[in-house]
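Listing of run.txt; format and content: compact mmCIF, C-alpha atoms.
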# COMPACT_ATOMS: atom_id res chain seq x y z
CA MET A 1 2.52 -22.67 23.18
CA PRO A 2 -0.05 -22.30 25.93
CA LEU A 3 -1.76 -19.46 24.04
CA LEU A 4 -2.97 -21.94 21.44
CA LEU A 5 -4.93 -23.77 24.15
CA GLY A 6 -6.58 -20.49 25.05
CA VAL A 7 -7.41 -19.60 21.46
CA ALA A 8 -8.74 -22.99 20.33
CA PRO A 9 -12.01 -22.80 22.30
CA PHE A 10 -12.67 -19.35 20.82
CA GLY A 11 -12.29 -20.81 17.35
CA VAL A 12 -14.64 -23.69 18.09
CA ILE A 13 -17.23 -21.38 19.64
CA TYR A 14 -16.88 -18.99 16.72
CA GLY A 15 -17.62 -21.83 14.31
CA VAL A 16 -20.76 -22.75 16.25
CA VAL A 17 -21.91 -19.12 16.59
CA ALA A 18 -21.32 -18.44 12.89
CA LEU A 19 -23.54 -21.37 11.90
CA GLN A 20 -26.26 -20.20 14.29
CA SER A 21 -26.13 -16.77 12.63
CA GLY A 22 -27.03 -18.40 9.35
CA ILE A 23 -23.52 -18.30 7.88
CA SER A 24 -22.66 -21.34 5.77
CA PRO A 25 -19.83 -23.64 6.95
CA LEU A 26 -17.71 -22.71 3.93
CA ALA A 27 -18.18 -18.97 4.53
CA ALA A 28 -17.44 -19.43 8.24
CA MET A 29 -14.16 -21.15 7.35
CA ALA A 30 -13.30 -18.54 4.74
CA MET A 31 -13.91 -15.75 7.23
CA SER A 32 -11.28 -17.24 9.53
CA SER A 33 -8.69 -16.94 6.77
CA ILE A 34 -9.85 -13.67 5.19
CA VAL A 35 -10.52 -11.65 8.34
CA PHE A 36 -8.51 -13.66 10.90
CA ALA A 37 -9.58 -11.74 14.01
CA GLY A 38 -11.24 -13.36 17.02
CA SER A 39 -13.58 -10.79 18.53
CA ALA A 40 -14.24 -9.07 15.20
CA GLN A 41 -15.38 -12.40 13.72
CA PHE A 42 -17.80 -12.88 16.61
CA LEU A 43 -19.08 -9.38 16.00
CA LEU A 44 -19.40 -10.04 12.26
CA ALA A 45 -21.33 -13.24 12.87
CA GLN A 46 -23.65 -11.50 15.31
CA LEU A 47 -24.32 -8.49 13.08
CA VAL A 48 -24.90 -10.71 10.05
CA GLY A 49 -27.31 -12.76 12.14
CA ALA A 50 -29.10 -9.57 13.24
CA GLY A 51 -29.31 -8.34 9.64
CA ALA A 52 -27.30 -5.14 10.21
CA PRO A 53 -26.37 -3.12 7.08
CA LEU A 54 -23.16 -4.27 5.40
CA LEU A 55 -21.19 -1.03 5.51
CA LEU A 56 -22.04 -0.48 9.19
CA THR A 57 -20.93 -4.05 9.89
CA ALA A 58 -17.59 -3.54 8.15
CA GLY A 59 -17.24 -0.26 10.05
CA ALA A 60 -17.93 -2.06 13.33
CA VAL A 61 -15.26 -4.63 12.48
CA GLY A 62 -12.85 -1.76 11.91
CA LEU A 63 -13.82 -0.21 15.25
CA VAL A 64 -13.24 -3.46 17.13
CA ASN A 65 -9.91 -4.02 15.39
CA LEU A 66 -8.74 -0.42 15.83
CA ARG A 67 -6.62 -1.52 18.78
CA HIS A 68 -4.45 -3.45 16.33
CA ALA A 69 -3.22 -0.09 15.09
CA LEU A 70 -1.47 0.19 18.46
CA TYR A 71 0.32 -3.12 17.91
CA SER A 72 1.19 -1.93 14.44
CA ALA A 73 2.73 1.23 15.90
CA SER A 74 4.54 -0.82 18.51
CA VAL A 75 6.24 -3.29 16.13
CA ALA A 76 6.79 -0.82 13.29
CA PRO A 77 10.30 0.28 14.39
CA ILE A 78 11.39 -3.36 14.86
CA LEU A 79 10.21 -4.33 11.36
CA ALA A 80 11.37 -1.14 9.64
CA HIS A 81 14.33 -2.78 7.87
CA LEU A 82 12.31 -5.62 6.32
CA PRO A 83 11.24 -5.87 2.68
CA ARG A 84 7.59 -5.10 1.98
CA ARG A 85 6.46 -8.72 1.52
CA TRP A 86 7.54 -9.46 5.12
CA LYS A 87 5.71 -6.39 6.43
CA VAL A 88 2.53 -7.37 4.60
CA LEU A 89 2.67 -10.96 5.87
CA LEU A 90 3.34 -9.94 9.48
CA ALA A 91 0.60 -7.28 9.39
CA TYR A 92 -1.86 -9.96 8.27
CA LEU A 93 -0.82 -12.18 11.20
CA LEU A 94 -0.85 -9.36 13.79
CA THR A 95 -3.51 -10.49 16.28
CA ASP A 96 -3.79 -9.80 20.02
CA GLU A 97 -2.36 -13.19 20.95
CA ALA A 98 0.46 -13.18 18.40
CA TYR A 99 1.50 -9.72 19.50
CA ALA A 100 1.30 -10.59 23.20
CA ALA A 101 3.37 -13.75 22.76
CA ALA A 102 6.03 -12.19 20.55
CA ILE A 103 6.60 -8.67 21.83
CA PRO A 104 8.60 -9.43 25.02
CA HIS A 105 11.07 -11.54 23.03
CA MET A 106 11.25 -9.05 20.20
CA LEU A 107 12.05 -6.22 22.61
CA ALA A 108 14.59 -8.33 24.53
CA GLY A 109 16.39 -9.06 21.27
CA ARG A 110 16.77 -5.34 20.58
CA GLU A 111 19.08 -4.56 23.50
CA GLY A 112 22.22 -4.68 21.40
CA GLY A 113 20.72 -3.07 18.31
CA ASN A 114 17.99 -4.43 16.07
CA SER A 115 17.96 -8.22 16.00
CA PRO A 116 17.89 -9.51 12.44
CA HIS A 117 15.70 -12.40 13.58
CA ALA A 118 13.03 -10.53 15.57
CA HIS A 119 10.53 -10.88 12.74
CA TRP A 120 10.83 -14.69 12.88
CA ILE A 121 9.54 -14.60 16.47
CA LEU A 122 6.44 -12.68 15.38
CA PHE A 123 6.02 -14.94 12.36
CA GLY A 124 6.28 -18.03 14.55
CA SER A 125 3.64 -16.94 17.03
CA GLY A 126 1.44 -15.46 14.29
CA PHE A 127 1.54 -18.52 12.05
CA GLY A 128 1.08 -20.90 14.98
CA LEU A 129 -2.04 -19.03 16.04
CA TRP A 130 -3.29 -18.81 12.46
CA SER A 131 -3.04 -22.58 12.03
CA GLY A 132 -4.70 -23.27 15.37
CA TRP A 133 -7.49 -20.82 14.51
CA GLN A 134 -8.26 -22.54 11.21
CA VAL A 135 -8.34 -26.01 12.80
CA ALA A 136 -10.51 -24.75 15.69
CA THR A 137 -12.95 -23.08 13.30
CA LEU A 138 -13.26 -26.31 11.33
CA ALA A 139 -13.95 -28.19 14.55
CA GLY A 140 -16.61 -25.65 15.52
CA VAL A 141 -18.26 -25.88 12.11
CA LEU A 142 -18.31 -29.67 12.29
CA ILE A 143 -19.65 -29.74 15.86
CA GLY A 144 -22.09 -26.89 15.23
CA ALA A 145 -23.72 -28.65 12.31
CA GLN A 146 -24.78 -31.46 14.63
CA LEU A 147 -26.08 -29.35 17.51
CA PRO A 148 -29.69 -28.31 17.92
CA ALA A 149 -30.01 -24.53 17.56
CA ASP A 150 -31.45 -23.83 21.01
CA LEU A 151 -28.87 -24.97 23.55
CA GLY A 152 -28.24 -21.51 24.99
CA LEU A 153 -24.91 -21.61 23.20
CA ASP A 154 -25.40 -18.05 21.98
CA PHE A 155 -24.63 -17.10 25.59
CA ALA A 156 -21.03 -18.04 24.75
CA LEU A 157 -20.74 -14.73 22.94
CA PRO A 158 -21.20 -12.35 25.91
CA LEU A 159 -19.25 -14.78 28.10
CA THR A 160 -16.34 -14.71 25.68
CA PHE A 161 -16.36 -10.92 25.59
CA ILE A 162 -16.49 -10.83 29.40
CA ALA A 163 -13.45 -13.12 29.49
CA ILE A 164 -11.60 -10.75 27.14
CA VAL A 165 -12.67 -7.44 28.66
CA VAL A 166 -12.69 -7.92 32.42
CA PRO A 167 -8.98 -8.82 32.79
CA MET A 168 -8.08 -5.79 30.65
CA ILE A 169 -9.73 -3.37 33.08
CA ASP A 170 -6.89 -2.35 35.39
CA SER A 171 -7.52 1.37 35.87
CA ARG A 172 -10.40 3.61 36.90
CA ALA A 173 -10.44 5.24 33.48
CA LEU A 174 -10.90 1.85 31.80
CA LEU A 175 -13.62 0.90 34.29
CA ALA A 176 -15.42 4.20 33.72
CA SER A 177 -15.12 3.73 29.96
CA ALA A 178 -16.64 0.24 30.19
CA LEU A 179 -19.50 1.32 32.48
CA THR A 180 -20.31 4.29 30.24
CA ALA A 181 -20.32 2.20 27.08
CA GLY A 182 -22.43 -0.51 28.72
CA ALA A 183 -24.98 1.94 30.14
CA VAL A 184 -25.32 3.90 26.88
CA ALA A 185 -25.69 0.65 24.93
CA VAL A 186 -28.56 -0.50 27.16
CA VAL A 187 -30.31 2.89 26.99
CA LEU A 188 -29.95 3.12 23.21
CA ALA A 189 -30.61 -0.57 22.49
CA ALA A 190 -33.87 0.29 20.73
CA LEU A 191 -32.09 2.30 18.02
CA PRO A 192 -32.23 0.58 14.61
CA TYR A 193 -29.26 -1.14 12.93
CA LYS A 194 -27.33 -1.54 16.19
CA LEU A 195 -26.53 2.19 15.99
CA GLY A 196 -26.67 2.36 19.78
CA LEU A 197 -23.59 0.15 19.86
CA PHE A 198 -21.53 2.67 17.92
CA VAL A 199 -22.72 5.64 19.96
CA ALA A 200 -22.04 3.68 23.15
CA ALA A 201 -18.50 2.77 22.08
CA LEU A 202 -17.76 6.40 21.17
CA ALA A 203 -19.14 7.57 24.54
CA GLY A 204 -16.89 5.04 26.28
CA LEU A 205 -13.86 6.27 24.34
CA ALA A 206 -14.62 9.90 25.16
CA VAL A 207 -15.02 9.24 28.89
CA GLY A 208 -11.83 7.18 29.03
CA ALA A 209 -9.78 9.77 27.15
CA LEU A 210 -11.15 12.64 29.26
CA LEU A 211 -10.25 10.84 32.48
CA THR A 212 -6.70 10.07 31.35
CA ARG A 213 -6.17 13.68 30.29
CA ASN A 214 -7.24 14.89 33.74
CA ALA A 215 -4.96 12.34 35.40
CA ALA A 216 -1.94 13.22 33.25
CA MET B 1 -23.06 -6.90 -2.07
CA ASN B 2 -23.44 -10.21 -0.28
CA LEU B 3 -21.85 -12.02 2.64
CA TRP B 4 -18.69 -12.75 0.65
CA GLY B 5 -18.31 -9.10 -0.29
CA LEU B 6 -18.74 -8.15 3.35
CA MET B 7 -16.07 -10.65 4.41
CA LEU B 8 -13.66 -9.39 1.80
CA LEU B 9 -14.31 -5.78 2.85
CA SER B 10 -13.88 -6.66 6.53
CA GLY B 11 -10.66 -8.51 5.72
CA VAL B 12 -9.30 -5.53 3.83
CA VAL B 13 -10.30 -3.13 6.62
CA THR B 14 -8.67 -5.36 9.23
CA PHE B 15 -5.49 -5.72 7.20
CA CYS B 16 -5.23 -1.99 6.53
CA ILE B 17 -5.52 -1.26 10.27
CA ARG B 18 -2.79 -3.76 11.12
CA TYR B 19 -0.57 -2.58 8.27
CA SER B 20 -1.13 1.15 8.91
CA PHE B 21 1.69 2.06 11.27
CA ILE B 22 4.05 -0.60 9.93
CA ALA B 23 3.68 0.95 6.48
CA ALA B 24 3.81 4.54 7.74
CA GLU B 25 6.88 4.02 9.94
CA GLY B 26 9.17 7.01 9.47
CA HIS B 27 6.59 9.05 7.54
CA TYR B 28 3.93 10.07 10.04
CA GLN B 29 3.44 10.89 13.74
CA PRO B 30 -0.19 10.47 14.99
CA PRO B 31 -1.66 13.21 17.20
CA SER B 32 -1.61 12.49 20.92
CA TRP B 33 -5.41 12.66 21.43
CA PHE B 34 -5.81 9.87 18.89
CA ARG B 35 -3.35 7.62 20.67
CA ARG B 36 -5.12 8.28 23.98
CA LEU B 37 -8.39 6.94 22.55
CA LEU B 38 -7.01 3.64 21.28
CA PRO B 39 -6.55 1.76 24.57
CA PHE B 40 -10.26 2.22 25.32
CA VAL B 41 -11.52 0.84 22.02
CA PRO B 42 -11.75 -2.90 22.80
CA ILE B 43 -13.21 -2.34 26.26
CA ALA B 44 -15.78 0.27 25.22
CA ALA B 45 -16.86 -1.60 22.09
CA LEU B 46 -17.09 -5.05 23.65
CA THR B 47 -18.82 -3.85 26.82
CA ALA B 48 -21.37 -2.08 24.63
CA LEU B 49 -22.08 -5.51 23.12
CA VAL B 50 -22.25 -7.42 26.39
CA ALA B 51 -24.39 -5.09 28.53
CA PRO B 52 -27.60 -5.34 26.47
CA GLU B 53 -27.18 -9.13 26.26
CA LEU B 54 -27.20 -9.35 30.03
CA LEU B 55 -29.68 -6.63 30.99
CA LEU B 56 -32.29 -6.79 28.26
CA VAL B 57 -34.82 -9.56 27.72
CA GLN B 58 -36.62 -8.98 24.42
CA GLY B 59 -36.01 -5.24 24.57
CA GLU B 60 -37.04 -4.74 28.20
CA VAL B 61 -34.67 -4.03 31.07
CA ILE B 62 -35.10 -6.95 33.48
CA PRO B 63 -32.84 -6.35 36.46
CA GLY B 64 -33.84 -9.10 38.83
CA GLY B 65 -34.95 -12.63 39.42
CA GLY B 66 -36.58 -13.08 36.06
CA ASN B 67 -33.28 -12.74 34.20
CA PRO B 68 -30.95 -15.73 34.66
CA ARG B 69 -28.43 -14.40 32.09
CA LEU B 70 -27.77 -11.31 34.20
CA TRP B 71 -26.84 -13.41 37.22
CA ALA B 72 -24.79 -15.86 35.16
CA GLY B 73 -23.02 -12.87 33.57
CA LEU B 74 -22.25 -11.39 36.98
CA VAL B 75 -20.78 -14.74 38.07
CA ALA B 76 -18.64 -14.75 34.90
CA ILE B 77 -17.46 -11.17 35.54
CA PHE B 78 -16.52 -12.12 39.10
CA VAL B 79 -14.61 -15.21 37.95
CA ALA B 80 -12.88 -13.28 35.17
CA ALA B 81 -11.78 -10.56 37.59
CA LEU B 82 -10.43 -13.05 40.12
CA TRP B 83 -8.71 -15.64 37.92
CA ARG B 84 -8.25 -13.90 34.54
CA ASN B 85 -8.77 -17.23 32.83
CA THR B 86 -10.79 -17.45 29.62
CA LEU B 87 -11.92 -21.07 29.84
CA LEU B 88 -12.73 -20.79 33.52
CA THR B 89 -14.83 -17.67 32.85
CA ILE B 90 -16.86 -19.24 30.04
CA GLY B 91 -17.29 -22.47 32.00
CA ALA B 92 -18.40 -20.66 35.15
CA GLY B 93 -20.89 -18.55 33.19
CA PHE B 94 -22.50 -21.59 31.57
CA LEU B 95 -22.52 -23.52 34.83
CA ALA B 96 -24.18 -20.59 36.62
CA LEU B 97 -26.78 -20.25 33.85
CA PHE B 98 -27.54 -23.97 34.03
CA VAL B 99 -27.85 -23.97 37.82
CA ILE B 100 -30.08 -20.87 37.89
CA GLN B 101 -32.36 -22.19 35.16
CA HIS B 102 -32.83 -25.50 36.95
CA LEU B 103 -33.30 -24.19 40.50

Give the structure from the file, written as structure tokens.
Amino acid sequence: MPLLLGVAPFGVIYGVVALQSGISPLAAMAMSSIVFAGSAQFLLAQLVGAGAPLLLTAGAVGLVNLRHALYSASVAPILAHLPRRWKVLLAYLLTDEAYAAAIPHMLAGREGGNSPHAHWILFGSGFGLWSGWQVATLAGVLIGAQLPADLGLDFALPLTFIAIVVPMIDSRALLASALTAGAVAVVLAALPYKLGLFVAALAGLAVGALLTRNAA
Amino acid sequence: MNLWGLMLLSGVVTFCIRYSFIAAEGHYQPPSWFRRLLPFVPIAALTALVAPELLLVQGEVIPGGGNPRLWAGLVAIFVAALWRNTLLTIGAGFLALFVIQHL
């Protein structure tokens, strides 16, 4: 599972970043099991560190994880026949990486009707990533506790987001959306409670959607 | 509400999003404008986070030599665009920051 190698550093860095945001090691570990979402956990740690209001922070987590609704829509027909406990478990495990690893195999298995085992593929990738994420977080918490606070390690956060975002930009609409969101965020950075972030994200969404409508 | 309440709330929000369409399968068809917005969410939201980190130094826009993080970030963006590799991107960004700060 090469994806695990890609996810592990995120987990370690998350553990370090969480500690630097003033989150206790136990809470940092618990967040990895309760929330279980890479970029949203980074965002949570950062907003907690910045002292943003709780409801806005939870709303921001929802905004960042909104893309998972797409994965949900994508796998829904394949999981339709399962009992509810399976659907709940797989929804909990439905991360970017688990989805990406599982979906080609799940779709391939559907050629001759719905495969009765497709959900095991998603469970396998989801549970593998979940385990790796917990271990990586623990490693980050253990390492982070022994590091001095000012190593420039907080720079890992924007670097990690760059590593996620840049490869996803493969159209002019996506590029325009990113540039809009980035520019608005810089202009509105002085707004209290990180409100500029939300306005910037909405502006990026609007520009992207407008451009795709004109193209279609 | 404290940090634990926030985590629980965030966990519930995250789960509900992931469960939404799986649970609604066969009951509901989302409007097309809504589905057109979704692909832009991670890029718009995450770029909104990154841009101020790179361009602002203590609330001021510093677009030049006095801002090593901007240049390190640009190196990382370049590396990410060329190789699409997470570790390579983070490593290149840190290396660039280190080199610029010690020039």

I need the contact residues of chain B against chain A, so if you could list those with any atom within 6 Å, counting all atoms listed in the file, and return them as a PDB file with C-alpha atoms, in the frame of the given file, that would help.
ATOM      1  CA  SER B  10     -13.880  -6.660   6.530  1.00  0.00           C
ATOM      2  CA  GLY B  11     -10.660  -8.510   5.720  1.00  0.00           C
ATOM      3  CA  PHE B  15      -5.490  -5.720   7.200  1.00  0.00           C
ATOM      4  CA  ILE B  17      -5.520  -1.260  10.270  1.00  0.00           C
ATOM      5  CA  ARG B  18      -2.790  -3.760  11.120  1.00  0.00           C
ATOM      6  CA  TYR B  19      -0.570  -2.580   8.270  1.00  0.00           C
ATOM      7  CA  PHE B  21       1.690   2.060  11.270  1.00  0.00           C
ATOM      8  CA  ILE B  22       4.050  -0.600   9.930  1.00  0.00           C
ATOM      9  CA  GLU B  25       6.880   4.020   9.940  1.00  0.00           C
ATOM     10  CA  ARG B  36      -5.120   8.280  23.980  1.00  0.00           C
ATOM     11  CA  LEU B  37      -8.390   6.940  22.550  1.00  0.00           C
ATOM     12  CA  LEU B  38      -7.010   3.640  21.280  1.00  0.00           C
ATOM     13  CA  PHE B  40     -10.260   2.220  25.320  1.00  0.00           C
ATOM     14  CA  PRO B  42     -11.750  -2.900  22.800  1.00  0.00           C
ATOM     15  CA  ILE B  43     -13.210  -2.340  26.260  1.00  0.00           C
ATOM     16  CA  ALA B  44     -15.780   0.270  25.220  1.00  0.00           C
ATOM     17  CA  ALA B  45     -16.860  -1.600  22.090  1.00  0.00           C
ATOM     18  CA  THR B  47     -18.820  -3.850  26.820  1.00  0.00           C
ATOM     19  CA  ALA B  48     -21.370  -2.080  24.630  1.00  0.00           C
ATOM     20  CA  VAL B  50     -22.250  -7.420  26.390  1.00  0.00           C
ATOM     21  CA  ALA B  51     -24.390  -5.090  28.530  1.00  0.00           C
ATOM     22  CA  PRO B  52     -27.600  -5.340  26.470  1.00  0.00           C
ATOM     23  CA  ALA B  80     -12.880 -13.280  35.170  1.00  0.00           C
ATOM     24  CA  ALA B  81     -11.780 -10.560  37.590  1.00  0.00           C
ATOM     25  CA  ARG B  84      -8.250 -13.900  34.540  1.00  0.00           C
ATOM     26  CA  THR B  86     -10.790 -17.450  29.620  1.00  0.00           C
ATOM     27  CA  THR B  89     -14.830 -17.670  32.850  1.00  0.00           C
ATOM     28  CA  ILE B  90     -16.860 -19.240  30.040  1.00  0.00           C
TER      29      ILE B  90
END

Figure out the distance between atom CA of A:Phe42 and atom CA of B:Leu55, please, to one decimal in Å.
19.7 Å

How far is it from atom CA of B:Trp33 to atom CA of A:Ala100, in Å with one decimal?
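Computing it gives 24.3 Å between the two atoms.
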
Can you tell me, as JSON, the centre and edge lengths (Å, one decimal) of the axis-aligned box enclosing all of stretch 157-173 of chain A's listed atoms after padding each side by 5 Å?
{"center_x": -14.0, "center_y": -4.8, "center_z": 29.9, "size_x": 24.3, "size_y": 30.0, "size_z": 24.0}

Separation of atom CA of A:Trp130 and atom CA of A:Glu97, in Å?
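We find that atom CA of A:Trp130 and atom CA of A:Glu97 lie 10.2 Å from each other.
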
Using only C-alpha atoms for the distances, tell me which of B:Leu3, B:Leu56, B:Val12, B:Ile77 is nearest to A:Gly49.
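So, comparing all the options, the nearest one is B:Leu3.
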